[in-house]
$ cat query-v3.txt   # compact mmCIF, C-alpha atoms
# COMPACT_ATOMS: atom_id res chain seq x y z
CA MET A 1 -15.00 -12.81 -10.48
CA LEU A 2 -14.21 -16.22 -9.00
CA LYS A 3 -11.55 -18.31 -10.73
CA SER A 4 -10.43 -21.90 -10.20
CA LEU A 5 -6.81 -22.57 -9.35
CA ASN A 6 -4.65 -23.61 -12.29
CA ALA A 7 -1.03 -24.79 -12.08
CA ASP A 8 -0.55 -25.51 -15.79
CA ARG A 9 1.80 -22.57 -16.39
CA PHE A 10 4.19 -23.58 -13.60
CA ALA A 11 7.08 -25.98 -13.96
CA LYS A 12 6.67 -29.35 -12.25
CA PRO A 13 8.94 -29.82 -9.18
CA SER A 14 12.04 -31.88 -9.89
CA SER A 15 12.84 -32.79 -6.29
CA GLY A 16 11.68 -35.92 -4.50
CA PHE A 17 8.35 -35.66 -2.71
CA ALA A 18 8.60 -36.33 1.05
CA PRO A 19 6.25 -33.91 2.81
CA GLY A 20 6.35 -35.61 6.19
CA PRO A 21 3.35 -36.45 8.40
CA ALA A 22 0.13 -34.67 7.49
CA PRO A 23 -0.71 -31.85 9.91
CA VAL A 24 -3.67 -32.00 12.28
CA LEU A 25 -6.01 -29.09 12.88
CA ASN A 26 -7.06 -28.55 16.48
CA TRP A 27 -7.99 -25.92 19.04
CA ILE A 28 -5.21 -25.64 21.67
CA ASP A 29 -5.20 -23.71 24.95
CA ILE A 30 -3.00 -20.62 24.72
CA GLU A 31 -1.44 -21.49 28.09
CA LYS A 32 0.09 -24.57 26.43
CA LEU A 33 1.76 -22.55 23.65
CA THR A 34 5.40 -21.54 23.98
CA VAL A 35 8.00 -19.61 21.97
CA ASP A 36 11.53 -20.89 21.32
CA ASP A 37 13.65 -17.73 21.39
CA GLN A 38 16.57 -19.54 19.79
CA TYR A 39 14.97 -19.08 16.38
CA GLN A 40 11.87 -16.96 17.01
CA ARG A 41 12.24 -13.20 16.82
CA GLY A 42 11.32 -11.11 19.84
CA ILE A 43 8.36 -8.76 19.70
CA GLY A 44 9.78 -5.35 18.83
CA ARG A 45 8.12 -2.00 18.21
CA ARG A 46 6.67 -2.93 14.84
CA GLY A 47 5.52 -6.28 16.19
CA ALA A 48 3.78 -4.55 19.08
CA ILE A 49 1.97 -2.26 16.64
CA ASN A 50 0.94 -5.29 14.59
CA ILE A 51 -0.42 -7.06 17.68
CA SER A 52 -2.41 -3.98 18.68
CA GLN A 53 -3.91 -3.74 15.19
CA ILE A 54 -4.89 -7.41 15.15
CA ALA A 55 -6.44 -7.16 18.62
CA GLU A 56 -8.27 -3.92 17.82
CA HIS A 57 -9.88 -5.39 14.71
CA PHE A 58 -10.00 -9.03 15.80
CA ASP A 59 -12.05 -11.21 13.47
CA TRP A 60 -11.84 -15.00 13.10
CA SER A 61 -12.16 -14.63 9.31
CA LYS A 62 -8.77 -12.87 9.37
CA PHE A 63 -7.12 -15.33 11.77
CA ALA A 64 -5.00 -18.00 10.08
CA PRO A 65 -4.36 -21.15 12.15
CA VAL A 66 -1.25 -20.94 14.31
CA ILE A 67 1.43 -23.43 13.24
CA VAL A 68 2.73 -25.36 16.27
CA ALA A 69 4.84 -28.42 17.03
CA PRO A 70 4.64 -30.62 20.15
CA VAL A 71 7.48 -30.27 22.66
CA GLU A 72 8.23 -31.77 26.06
CA GLY A 73 5.83 -31.38 28.98
CA GLY A 74 2.68 -31.50 26.89
CA LEU A 75 3.40 -28.06 25.48
CA PHE A 76 3.57 -26.78 21.91
CA ALA A 77 6.14 -24.50 20.30
CA ILE A 78 4.75 -21.81 18.02
CA VAL A 79 6.37 -22.00 14.58
CA ASP A 80 4.24 -19.22 13.09
CA GLY A 81 1.56 -17.08 14.75
CA GLN A 82 3.15 -15.49 17.83
CA HIS A 83 1.64 -12.07 17.06
CA ARG A 84 -1.91 -13.19 16.38
CA THR A 85 -1.89 -15.51 19.41
CA THR A 86 -0.81 -12.61 21.62
CA ALA A 87 -3.59 -10.51 20.10
CA ALA A 88 -6.08 -13.27 20.93
CA MET A 89 -4.86 -13.17 24.54
CA LEU A 90 -5.50 -9.41 24.62
CA ARG A 91 -9.08 -10.17 23.64
CA GLY A 92 -9.42 -12.58 26.55
CA LEU A 93 -9.49 -15.72 24.41
CA THR A 94 -8.14 -18.89 25.97
CA SER A 95 -7.61 -21.08 22.90
CA VAL A 96 -6.79 -20.64 19.22
CA PRO A 97 -7.05 -22.86 16.13
CA CYS A 98 -3.72 -24.54 15.43
CA GLN A 99 -2.12 -26.54 12.68
CA LEU A 100 -0.18 -29.21 14.55
CA VAL A 101 2.93 -30.46 12.72
CA GLN A 102 5.41 -33.16 13.78
CA ALA A 103 8.81 -31.47 13.74
CA ASP A 104 11.92 -31.53 15.90
CA ARG A 105 13.64 -28.32 16.87
CA ALA A 106 15.76 -28.09 13.72
CA GLN A 107 12.72 -28.71 11.55
CA GLN A 108 10.77 -26.11 13.51
CA ALA A 109 13.45 -23.51 12.86
CA ALA A 110 13.57 -24.46 9.17
CA ALA A 111 9.79 -24.21 8.94
CA TYR A 112 9.87 -20.81 10.65
CA ALA A 113 12.44 -19.57 8.12
CA ALA A 114 10.42 -20.97 5.21
CA VAL A 115 7.08 -19.56 6.37
CA ASN A 116 8.50 -16.09 7.04
CA GLY A 117 10.98 -16.03 4.17
CA ASN A 118 8.91 -17.37 1.27
CA VAL A 119 6.27 -14.66 1.38
CA THR A 120 4.83 -13.06 -1.74
CA LYS A 121 4.78 -9.39 -0.82
CA THR A 122 1.40 -7.74 -1.23
CA THR A 123 1.69 -4.39 -3.00
CA HIS A 124 -0.02 -1.17 -1.95
CA THR A 125 -2.22 -1.30 -5.04
CA GLN A 126 -3.30 -4.87 -4.29
CA LEU A 127 -4.16 -3.87 -0.71
CA PHE A 128 -6.12 -0.89 -2.01
CA HIS A 129 -8.24 -3.09 -4.27
CA ALA A 130 -8.75 -5.57 -1.41
CA ARG A 131 -9.97 -2.76 0.87
CA LEU A 132 -12.20 -1.53 -1.94
CA ALA A 133 -13.74 -4.99 -2.30
CA ALA A 134 -14.23 -5.10 1.47
CA GLY A 135 -16.21 -1.85 1.36
CA ASP A 136 -13.62 0.23 3.22
CA GLU A 137 -14.97 3.78 3.57
CA LYS A 138 -11.72 5.60 2.77
CA ALA A 139 -10.87 3.33 -0.16
CA ASN A 140 -14.34 3.94 -1.60
CA ALA A 141 -13.96 7.71 -1.20
CA ILE A 142 -10.58 7.72 -2.94
CA ALA A 143 -11.92 5.48 -5.70
CA ALA A 144 -14.80 7.92 -6.28
CA ILE A 145 -12.36 10.82 -6.56
CA CYS A 146 -10.21 8.85 -8.99
CA SER A 147 -13.26 8.01 -11.08
CA ALA A 148 -14.25 11.69 -11.26
CA ALA A 149 -10.73 12.55 -12.48
CA GLU A 150 -10.65 9.55 -14.85
CA VAL A 151 -7.84 7.94 -12.87
CA LYS A 152 -7.45 4.19 -12.53
CA VAL A 153 -5.32 2.50 -9.85
CA ILE A 154 -3.69 -0.38 -11.69
CA ARG A 155 -3.08 -3.74 -10.04
CA THR A 156 0.25 -4.70 -11.61
CA ASN A 157 3.75 -3.23 -11.38
CA THR A 158 4.19 -1.11 -14.50
CA ALA A 159 7.04 1.21 -15.45
CA GLN A 160 6.08 4.90 -15.63
CA SER A 161 7.06 4.94 -19.30
CA ASN A 162 4.47 2.22 -20.02
CA MET A 163 1.61 3.87 -18.14
CA LYS A 164 -1.42 4.83 -20.19
CA VAL A 165 -3.51 7.97 -19.70
CA GLY A 166 -5.14 7.93 -16.27
CA GLN A 167 -3.17 4.98 -14.90
CA THR A 168 -1.35 5.22 -11.58
CA SER A 169 0.10 3.03 -8.86
CA ALA A 170 0.60 5.93 -6.44
CA VAL A 171 -1.85 4.67 -3.81
CA GLY A 172 0.30 5.95 -0.97
CA ALA A 173 0.26 9.49 -2.37
CA LEU A 174 -3.49 9.36 -3.03
CA THR A 175 -4.13 8.28 0.57
CA ARG A 176 -1.74 10.83 2.11
CA CYS A 177 -3.22 13.68 0.07
CA TYR A 178 -6.76 12.62 0.91
CA ASP A 179 -5.90 12.58 4.62
CA LEU A 180 -3.91 15.83 4.63
CA TYR A 181 -5.76 18.03 2.15
CA GLY A 182 -9.20 16.51 1.61
CA GLY A 183 -11.03 15.08 -1.35
CA GLY A 184 -11.62 18.40 -3.13
CA THR A 185 -7.94 19.29 -3.30
CA LEU A 186 -6.99 15.78 -4.37
CA LEU A 187 -9.59 15.84 -7.16
CA ALA A 188 -8.37 19.21 -8.41
CA ALA A 189 -4.77 17.99 -8.40
CA LEU A 190 -5.59 14.84 -10.35
CA LYS A 191 -7.57 16.81 -12.93
CA CYS A 192 -4.57 19.10 -13.45
CA ILE A 193 -2.79 16.02 -14.78
CA THR A 194 -5.48 13.99 -16.54
CA LYS A 195 -7.44 16.87 -18.07
CA THR A 196 -4.46 18.60 -19.67
CA ALA A 197 -1.86 17.89 -22.36
CA ASP A 198 -3.51 14.73 -23.68
CA GLY A 199 -3.73 13.28 -20.18
CA ASN A 200 -0.01 13.32 -19.34
CA PRO A 201 0.45 9.52 -19.41
CA GLY A 202 3.08 8.38 -16.93
CA TYR A 203 2.91 11.53 -14.79
CA LEU A 204 0.38 10.46 -12.19
CA ARG A 205 3.37 10.01 -9.89
CA SER A 206 3.53 10.37 -6.13
CA THR A 207 5.83 13.41 -6.19
CA ILE A 208 3.69 15.23 -8.77
CA ILE A 209 0.33 14.46 -7.14
CA GLU A 210 1.63 15.57 -3.74
CA ALA A 211 3.30 18.69 -5.17
CA LEU A 212 0.03 19.77 -6.80
CA CYS A 213 -1.90 19.17 -3.57
CA ILE A 214 0.60 21.25 -1.60
CA VAL A 215 0.25 24.18 -4.01
CA LEU A 216 -3.54 24.01 -4.34
CA ASP A 217 -3.94 23.73 -0.57
CA ARG A 218 -1.92 26.95 -0.18
CA HIS A 219 -3.99 28.73 -2.83
CA SER A 220 -7.63 27.74 -2.42
CA ASP A 221 -8.64 30.54 -4.82
CA TRP A 222 -6.73 28.82 -7.63
CA GLN A 223 -8.43 25.56 -6.79
CA SER A 224 -11.90 27.12 -6.88
CA ALA A 225 -11.21 28.70 -10.29
CA ASP A 226 -11.51 25.26 -11.84
CA ALA A 227 -11.82 26.23 -15.52
CA LEU A 228 -8.97 28.75 -15.35
CA LEU A 229 -6.77 26.31 -13.45
CA ILE A 230 -7.18 23.64 -16.11
CA LYS A 231 -6.63 26.23 -18.85
CA TYR A 232 -3.33 27.36 -17.34
CA MET A 233 -2.16 23.84 -16.56
CA GLU A 234 -2.70 22.93 -20.21
CA LYS A 235 0.47 24.91 -20.97
CA PHE A 236 2.52 23.49 -18.10
CA SER A 237 4.84 20.72 -19.30
CA PHE A 238 5.26 17.98 -16.73
CA PRO A 239 7.89 16.21 -18.88
CA ASP A 240 9.98 19.40 -19.13
CA ALA A 241 9.63 20.20 -15.43
CA TRP A 242 10.51 16.66 -14.42
CA GLY A 243 13.45 16.61 -16.82
CA ALA A 244 14.81 19.84 -15.30
CA ILE A 245 14.46 18.41 -11.79
CA VAL A 246 16.36 15.20 -12.48
CA ASP A 247 18.83 16.60 -15.03
CA GLY A 248 22.44 15.81 -14.13
CA ARG A 249 21.54 13.94 -10.93
CA ASP A 250 22.45 10.31 -10.39
CA GLN A 251 19.90 10.08 -7.60
CA ILE A 252 17.07 12.26 -6.39
CA PHE A 253 15.10 11.80 -3.19
CA PRO A 254 11.29 11.89 -3.39
CA ASN A 255 10.96 14.79 -0.93
CA THR A 256 13.48 16.83 -2.93
CA ALA A 257 11.62 16.15 -6.18
CA LYS A 258 8.28 16.95 -4.55
CA THR A 259 9.50 20.26 -3.14
CA ASP A 260 11.15 21.26 -6.42
CA MET A 261 8.02 20.38 -8.42
CA ALA A 262 5.81 22.32 -5.98
CA ASP A 263 8.05 25.40 -6.33
CA ARG A 264 7.89 25.26 -10.13
CA LEU A 265 4.12 24.79 -10.14
CA GLU A 266 3.56 27.60 -7.65
CA LYS A 267 5.71 30.10 -9.55
CA TYR A 268 4.09 29.18 -12.86
CA LEU A 269 0.51 29.44 -11.59
CA ALA A 270 1.23 32.61 -9.61
CA ARG A 271 2.44 34.25 -12.80
CA LYS A 272 -0.59 33.09 -14.78
CA PHE A 273 -3.18 34.14 -12.19
CA SER A 274 -1.39 37.46 -11.64
CA GLN A 275 -1.52 38.22 -15.36
CA ALA A 276 -5.23 37.40 -15.42
CA SER A 277 -5.88 39.75 -12.48
CA LYS A 278 -4.01 42.60 -14.18
CA GLN A 279 -5.97 42.07 -17.40
CA GLN A 280 -9.27 42.16 -15.50
CA ALA A 281 -8.21 45.35 -13.67
CA ALA A 282 -7.34 47.00 -16.97
$ encode --input "query-v3.txt" --output "structure tokens"
Amino acid sequence: MLKSLNADRFAKPSSGFAPGPAPVLNWIDIEKLTVDDQYQRGIGRRGAINISQIAEHFDWSKFAPVIVAPVEGGLFAIVDGQHRTTAAMLRGLTSVPCQLVQADRAQQAAAYAAVNGNVTKTTHTQLFHARLAAGDEKANAIAAICSAAEVKVIRTNTAQSNMKVGQTSAVGALTRCYDLYGGGTLLAALKCITKTADGNPGYLRSTIIEALCIVLDRHSDWQSADALLIKYMEKFSFPDAWGAIVDGRDQIFPNTAKTDMADRLEKYLARKFSQASKQQAA
């Protein structure tokens, strides 16, 4: 759904309005672009990975204009866009679209700090929905699995205690489990939560989803016994198990919680399936 911009709910600025000269948009040769290392960060390991990703999937629709300011010698200092300009070079491009601003060195540094500091962080759930809208194959596959398990990836930050049945923000766990264990195991794990105990609202958590996938991947026979698995999981209390894991601890690390939950699930299900086997043998 397309919506018009609306600023009515925001407070009007109280400061004076002096935005400086209006910027000019222009294509500038990359050979004329420079970097002032007095305020610009160097390209480290993460920056190099970012450049490689941009170059690998280069698309002008994803390329924001580089912000530059004129400096001596007919050159231009990059205020924002060092990574994407370097990626353009890797693709053999000789010029990039630039937003040319009039700023001295101090203003350039201030602009750099503002552009890189005043960033609204995009959440994993927002990125997931963006990839879904873009037709990303993996996002579509995960969405289909979630739909089959009646799971909905919510867009907003919500406390676990306020989650409704089927709601989750654990996109990272969903993706990791899909990559490591496959769609079938992920679906079975999600159903163990949403199809039991009135849907276990608030327990579609990363540690629990991953713990279930670990156990079901180890025991494919439990996973294939879908009806029995759901029947046994109906009696497993995620609130009680989680309470026992965190009881008396000021802090618990995700990997510790995941391992502990997996151990509890494995012992519980092993007991249940063992009892069923003995009954069948008798």
$ atom_distance --input "query-v3.txt" --atom1 "atom CA of Ala111 of chain A" --atom2 "atom CA of Ala18 of chain A"
14.5 Å
$ residues_around --input "query-v3.txt" --residues "Ile208 of chain A" --least-positions-apart "3" --cutoff "8 Å" --atoms "all atoms listed in the file" --output "list of chain:residue names"
A:Tyr203, A:Leu204, A:Arg205, A:Ala211, A:Leu212, A:Lys258, A:Met261, A:Ala262
$ write_last_selection --input "query-v3.txt" --atoms "C-alpha atoms" --output "PDB file, keeping the file's coordinate frame"
ATOM      1  CA  TYR A 203       2.910  11.530 -14.790  1.00  0.00           C
ATOM      2  CA  LEU A 204       0.380  10.460 -12.190  1.00  0.00           C
ATOM      3  CA  ARG A 205       3.370  10.010  -9.890  1.00  0.00           C
ATOM      4  CA  ALA A 211       3.300  18.690  -5.170  1.00  0.00           C
ATOM      5  CA  LEU A 212       0.030  19.770  -6.800  1.00  0.00           C
ATOM      6  CA  LYS A 258       8.280  16.950  -4.550  1.00  0.00           C
ATOM      7  CA  MET A 261       8.020  20.380  -8.420  1.00  0.00           C
ATOM      8  CA  ALA A 262       5.810  22.320  -5.980  1.00  0.00           C
TER       9      ALA A 262
END
$ closest_residue --input "query-v3.txt" --among "A:Ala7, A:Pro19, A:Ala77, A:Ile51" --to "Glu31 of chain A" --atoms "only C-alpha atoms"
A:Ala77
$ residues_around --input "query-v3.txt" --residues "Val68 of chain A" --least-positions-apart "4" --cutoff "12 Å" --atoms "all atoms listed in the file" --output "PyMOL selection string"
chain A and resi 23-30+32-36+75-82+85+96-105+107-109+111-112
$ closest_residue --input "query-v3.txt" --among "A:Gln53, A:Ala197, A:Tyr178, A:Gln40" --to "Asn140 of chain A" --atoms "only C-alpha atoms"
A:Tyr178
$ residues_around --input "query-v3.txt" --residues "Leu127 of chain A" --least-positions-apart "4" --cutoff "12 Å" --atoms "all atoms listed in the file" --output "PyMOL selection string"
chain A and resi 121-123+131-134+136+139+153-156+169+171-172
$ write_last_selection --input "query-v3.txt" --atoms "C-alpha atoms" --output "tab-separated table (two decimals), in the frame of the given file"
chain	number	residue	atom	x	y	z
A	121	LYS	CA	4.78	-9.39	-0.82
A	122	THR	CA	1.40	-7.74	-1.23
A	123	THR	CA	1.69	-4.39	-3.00
A	131	ARG	CA	-9.97	-2.76	0.87
A	132	LEU	CA	-12.20	-1.53	-1.94
A	133	ALA	CA	-13.74	-4.99	-2.30
A	134	ALA	CA	-14.23	-5.10	1.47
A	136	ASP	CA	-13.62	0.23	3.22
A	139	ALA	CA	-10.87	3.33	-0.16
A	153	VAL	CA	-5.32	2.50	-9.85
A	154	ILE	CA	-3.69	-0.38	-11.69
A	155	ARG	CA	-3.08	-3.74	-10.04
A	156	THR	CA	0.25	-4.70	-11.61
A	169	SER	CA	0.10	3.03	-8.86
A	171	VAL	CA	-1.85	4.67	-3.81
A	172	GLY	CA	0.30	5.95	-0.97
$ closest_residue --input "query-v3.txt" --among "A:Thr259, A:Ser14, A:Gln38, A:Ser274" --to "Ile245 of chain A" --atoms "only C-alpha atoms"
A:Thr259
$ closest_residue --input "query-v3.txt" --among "A:Ile209, A:Ala141, A:Ile230, A:Leu90" --to "Cys192 of chain A" --atoms "only C-alpha atoms"
A:Ile230
$ closest_residue --input "query-v3.txt" --among "A:Tyr39, A:Gln160, A:Tyr268, A:Thr256" --to "Phe236 of chain A" --atoms "only C-alpha atoms"
A:Tyr268
$ decode --input "query-v3.txt" --residues "segment 29-152 of chain A" --atoms "C-alpha atoms" --output "short mmCIF file (atom, residue, chain, number, x, y, z; two decimals), in the first residue's frame"
data_model
loop_
_atom_site.label_atom_id
_atom_site.label_comp_id
_atom_site.auth_asym_id
_atom_site.auth_seq_id
_atom_site.Cartn_x
_atom_site.Cartn_y
_atom_site.Cartn_z
CA ASP A 29 34.38 11.34 -12.65
CA ILE A 30 35.57 8.96 -9.94
CA GLU A 31 39.18 10.04 -10.58
CA LYS A 32 38.22 13.49 -9.26
CA LEU A 33 36.85 12.13 -5.96
CA THR A 34 39.06 12.10 -2.88
CA VAL A 35 38.81 11.03 0.77
CA ASP A 36 39.90 13.23 3.69
CA ASP A 37 41.32 10.74 6.20
CA GLN A 38 41.24 13.34 8.96
CA TYR A 39 37.54 12.64 9.48
CA GLN A 40 36.72 9.75 7.14
CA ARG A 41 37.10 6.23 8.50
CA GLY A 42 39.43 3.83 6.73
CA ILE A 43 38.05 0.79 4.96
CA GLY A 44 38.33 -2.08 7.44
CA ARG A 45 37.28 -5.71 7.22
CA ARG A 46 33.56 -5.04 7.51
CA GLY A 47 33.84 -2.17 5.03
CA ALA A 48 35.61 -4.44 2.56
CA ILE A 49 32.82 -7.01 2.89
CA ASN A 50 30.25 -4.26 2.31
CA ILE A 51 32.07 -3.07 -0.82
CA SER A 52 32.22 -6.62 -2.19
CA GLN A 53 28.49 -7.07 -1.60
CA ILE A 54 27.62 -3.79 -3.30
CA ALA A 55 29.86 -4.62 -6.28
CA GLU A 56 28.55 -8.18 -6.56
CA HIS A 57 24.93 -7.03 -6.69
CA PHE A 58 25.47 -3.62 -8.26
CA ASP A 59 22.24 -1.94 -9.32
CA TRP A 60 21.66 1.77 -9.91
CA SER A 61 18.28 1.52 -8.16
CA LYS A 62 20.20 0.72 -4.95
CA PHE A 63 22.86 3.41 -5.43
CA ALA A 64 22.21 6.62 -3.50
CA PRO A 65 24.02 9.73 -4.82
CA VAL A 66 27.46 10.25 -3.30
CA ILE A 67 27.65 13.40 -1.18
CA VAL A 68 30.73 15.45 -2.13
CA ALA A 69 32.15 18.92 -1.55
CA PRO A 70 34.53 20.83 -3.86
CA VAL A 71 38.14 21.12 -2.69
CA GLU A 72 41.31 22.60 -4.19
CA GLY A 73 42.65 21.44 -7.54
CA GLY A 74 39.27 20.82 -9.11
CA LEU A 75 38.73 17.78 -6.93
CA PHE A 76 35.86 16.77 -4.66
CA ALA A 77 35.98 15.33 -1.15
CA ILE A 78 33.57 12.48 -0.45
CA VAL A 79 31.41 13.26 2.58
CA ASP A 80 29.32 10.10 2.28
CA GLY A 81 29.61 7.25 -0.23
CA GLN A 82 33.20 5.98 -0.08
CA HIS A 83 32.10 2.33 -0.08
CA ARG A 84 29.63 2.50 -2.94
CA THR A 85 32.03 4.59 -5.04
CA THR A 86 34.75 1.97 -4.54
CA ALA A 87 32.24 -0.71 -5.53
CA ALA A 88 31.46 1.25 -8.70
CA MET A 89 35.18 1.30 -9.50
CA LEU A 90 35.28 -2.50 -9.12
CA ARG A 91 32.58 -2.67 -11.76
CA GLY A 92 34.68 -0.58 -14.13
CA LEU A 93 32.51 2.54 -13.90
CA THR A 94 34.24 5.86 -14.38
CA SER A 95 31.65 8.27 -12.94
CA VAL A 96 28.94 8.24 -10.28
CA PRO A 97 25.94 10.47 -9.49
CA CYS A 98 26.85 13.00 -6.82
CA GLN A 99 25.10 15.49 -4.60
CA LEU A 100 27.43 18.47 -4.63
CA VAL A 101 27.30 20.60 -1.46
CA GLN A 102 29.20 23.80 -0.63
CA ALA A 103 31.02 23.08 2.62
CA ASP A 104 34.43 23.85 4.07
CA ARG A 105 36.44 21.16 5.81
CA ALA A 106 34.81 21.66 9.21
CA GLN A 107 31.36 21.56 7.65
CA GLN A 108 32.30 18.44 5.70
CA ALA A 109 33.34 16.68 8.90
CA ALA A 110 30.13 17.81 10.63
CA ALA A 111 28.07 16.58 7.69
CA TYR A 112 29.89 13.24 7.75
CA ALA A 113 29.12 12.85 11.47
CA ALA A 114 25.47 13.81 10.93
CA VAL A 115 24.93 11.51 7.94
CA ASN A 116 26.55 8.52 9.65
CA GLY A 117 25.32 9.25 13.16
CA ASN A 118 21.67 10.14 12.59
CA VAL A 119 20.69 6.83 11.04
CA THR A 120 17.43 5.06 11.84
CA LYS A 121 18.54 1.47 12.26
CA THR A 122 16.65 -1.00 10.10
CA THR A 123 15.58 -4.06 12.08
CA HIS A 124 15.93 -7.67 10.95
CA THR A 125 12.15 -7.97 10.68
CA GLN A 126 11.93 -4.86 8.50
CA LEU A 127 14.67 -6.22 6.23
CA PHE A 128 12.85 -9.55 6.03
CA HIS A 129 9.64 -7.88 4.87
CA ALA A 130 11.62 -5.77 2.38
CA ARG A 131 13.22 -8.91 0.93
CA LEU A 132 9.81 -10.54 0.82
CA ALA A 133 8.40 -7.60 -1.14
CA ALA A 134 11.39 -7.82 -3.48
CA GLY A 135 10.61 -11.47 -4.24
CA ASP A 136 13.70 -12.87 -2.52
CA GLU A 137 13.65 -16.66 -2.91
CA LYS A 138 14.77 -17.52 0.63
CA ALA A 139 12.46 -14.96 2.24
CA ASN A 140 9.54 -16.40 0.26
CA ALA A 141 10.42 -19.95 1.33
CA ILE A 142 10.62 -18.97 5.00
CA ALA A 143 7.36 -17.03 4.73
CA ALA A 144 5.65 -20.12 3.26
CA ILE A 145 6.91 -22.26 6.15
CA CYS A 146 5.71 -19.66 8.66
CA SER A 147 2.30 -19.56 6.99
CA ALA A 148 1.99 -23.36 7.20
CA ALA A 149 2.78 -23.19 10.93
CA GLU A 150 0.51 -20.16 11.44
CA VAL A 151 3.47 -17.97 12.35
CA LYS A 152 3.61 -14.27 11.55
#
